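Take a look at the structure set out below.
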Number of protein chains: 2
Amino acid sequence: MEMVFVNQAREHVGEEITMAGWVTHYRSSGKIHFVIVRDGTGVMQCVVKNPLAILKNLDAWDGLTQETAVRIRGTVHADPRAPIGVELEAEEVVVVGPSEGYPVAPKEHGVDFLMDHRHLWIRSPRQAAILRIRAAVIHATRDFLDSHGFVVADPPIITPAAAEGSTTLFPIDYFDDTAFLSQSGQLYMEALAMALGRVYSFGPTFRAEKSKTRRHLTEFWMVEPELAFCEFEENLVWQEQLVSHIVQHVLATCADELHTIERDISRLETIVAPFPRITYDEALARLAEAGLPLDWGEDMGAPHETALAGMFDRPVFVTHFPVSLKAFYMQPDPARPDVALAADLLAPEGYGEIIGGSERIHDLGLLLQRMDEHHLDLAVYGWYIDLRRFGSVPHSGFGMGLERIVAWICGLDHVRETIPFARTLNRVWP
Amino acid sequence: MEMVFVNQAREHVGEEITMAGWVTHYRSSGKIHFVIVRDGTGVMQCVVKNPLAILKNLDAWDGLTQETAVRIRGTVHADPRAPIGVELEAEEVVVVGPSEGYPVAPKEHGVDFLMDHRHLWIRSPRQAAILRIRAAVIHATRDFLDSHGFVVADPPIITPAAAEGSTTLFPIDYFDDTAFLSQSGQLYMEALAMALGRVYSFGPTFRAEKSKTRRHLTEFWMVEPELAFCEFEENLVWQEQLVSHIVQHVLATCADELHTIERDISRLETIVAPFPRITYDEALARLAEAGLPLDWGEDMGAPHETALAGMFDRPVFVTHFPVSLKAFYMQPDPARPDVALAADLLAPEGYGEIIGGSERIHDLGLLLQRMDEHHLDLAVYGWYIDLRRFGSVPHSGFGMGLERIVAWICGLDHVRETIPFARTLNRVWP
């Protein structure tokens, strides 16, 4: 008899099956035992009605403590009251692994306690649902990019230099030399786009930021598409199509998970491309009206992003930032060189920036001038400059933060729940 | 007029299209110009027959040097002599970016020169084809696992301790503490399997190995599936199904790339599950017959793996290794405790180990005993031990090295060509 997963049980009504998992709750009403079991794909109620039902490796039914591992044989019955529409009438319960004194009881624990027990906390239905939604976001991202001719290409993690400033780098002892953990694969993705056309990376990136906010991890995953022969406007279209695809895929495939975490899906159903676009100048005007004035050239903080995003029912692009606020490689607008052909995509509900992107400078002279203004060491960037010497073309790309988009889709307070084992200023354990 | 990629040109015979890319060769026969252009998806011959054809941004046709970026308008014609079955009759060629003195000419360069110019070398049709095959292997791996209910879950890269010995760790300066780059996500994947059932990771791993061989990189990508309620034999079936799926997917989708790199695909067409299995003891007997004797308990080296793999037309599992040769967490065979329920999968043609896997110890007492024998610090592994305290179940998993499987499928001499920017003992640049 093949093992059936909880999320497949609906297809086996009336059949005898075996399932295996871990007890989340046990209760008894006289002679009937109720054993609630999770198996990683979902949670199912198993009912033991038959007084001759078999219990193996355990003396009494009430020994089925939280997280006891069990293998259960029984018959699937339709039950419209059950969250998954079925329950299992069990004939045999075999204890595979006992569980005594499981520390993460279904009650309120402090964050530090939960993070110290992250290896167990991930078993809770809410945390497991978030991780399954994360997996669905990854799948949707890759599926969208693969099916549109993007070639996945992994930039190096161990790097000799920094793409975005050197104050937030983690140094590595590389044999007897020093190297750094990558903050972004972007510069390498530009080289790869010239080789392969449309490319993307999807891997971990690292920032040694000392800020402890609900949006920052020291280790986080980024998707970084880069497109040869692609200009600013087309780049925005790719971004909104991708985000729209991700949200609609999660809605279509993660109904149980969204229900488990009690997400208000009406806030996600509206997330369909195209997304509104406002310039930085327009953003400043709107912010001033909202009582959050900024001087031209000042960067937006979380309150500004939240206020702006709250004016729309879907993510909003803020475009044409002052050149001084953006990275050296971003293309100035030829019609107005004090602003860059760069955009941030701000998610609704206070989640702020989920994507940053731009057209890249493709002119050799302009790039050298910008690098000089940023006091960058040309020797370190020699290979990157080569990309402008040999067949340089207009190209654009963007970086999407996986944990931020998952936090938004799940409606979470903190990104630490969006990744299996979060790394923060004070935590590299477990 | 939408831009058409070379790998889509076959679908546009008789149509006027625009394509964009980089010149790989230019030649002229009197009044007819031949411009061979790559665009990242393939290579196409463009023929300029019309004496009134337009050349923009360039004085003369013979200025179309290697890697000049161009945008070309013309009509697609079927041409059975062309490797891709079509050519473009060009009416207009616009130079987008010039290329003077491109250093990676289509001639023999030394390895150091090519690796120093890796940011350009990846543009060569051979290197680009290998990277596209790598992408196809990644796609096939994820596709197989996603469609079989595995949840992708990313273990941390920054870790406090080592899974596989501490001599090959890269230390990181983590604020004012020391942490290490992950050598394997395995232990974390075990925690995740208990939460999510079937899981896999797919990310970079790091080994500070001082060996300079054709099979070693310091930074390489691994797929690490882990399955709760899965025993040794089932684990082998997943491995052979996965490898079989990957190879058949590459054959089905990368015909042009395999042709470009001149791979003998008859050596790949036989790679269909099931794969043969021999025990370590049987392997020793076969090796002795082949003139490569080993004492029981000795590990196999590259020559032994090559000899064994050469005895089969598809990958071969070597199973039941001496416990002393394998990691502390591998389950001893209950019927014969001096061997582990562990297997290596050896690829043909001298490529050696591409997968290592095992059933894991699930008994708390046995795990503690093995950790004691390995002098491991129980405090560091406290969270891992917890997995055996609370609902421990039989579980198994494996790790597949992406670069090794790509090297085998592509028939390469060295893994450094299988990854965009290889990291080795002496190289973190570009």
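Scheme for the structure tokens: letters A, B, ... for chains in order shown; per-chain residue numbers from 1; ligand numbers from 1 in order shown.
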
For this session: Write out as a PyMOL selection string every residue belonging to chain A that has an atom at most 6 Å from any atom of chain B, counting only C-alpha atoms.
Result: chain A and resi 40+67-69+97-99+119+122-123+135+152+156+171-173+191+195-197+390-393+421

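Summary of the local environment: counting only C-alpha atoms, residues at most 10 Å from Phe328 in chain B, other than itself and those fewer than 6 positions away along its chain, are Ala163, Glu164, Ala340, Arg360, Ile361, Leu367, Leu368, Gln369, Arg370, Met371, Asp372, Glu373, His374 and Leu376 of chain B.
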
Problem set entry | Those of range 113-351 of chain A in DSSP strand (DSSP E), formatted as number ranges by chain | A: 151-152, 158-159, 171-174, 177-181, 198-206, 219-228, 277-279, 316-319, 332-333, 336-340, 342-347

Problem set entry | All helix (DSSP H, G or I) positions in range 97-191 of chain B, as a VMD selection string | chain B and resid 111 to 116 118 to 121 125 to 147 186 to 191
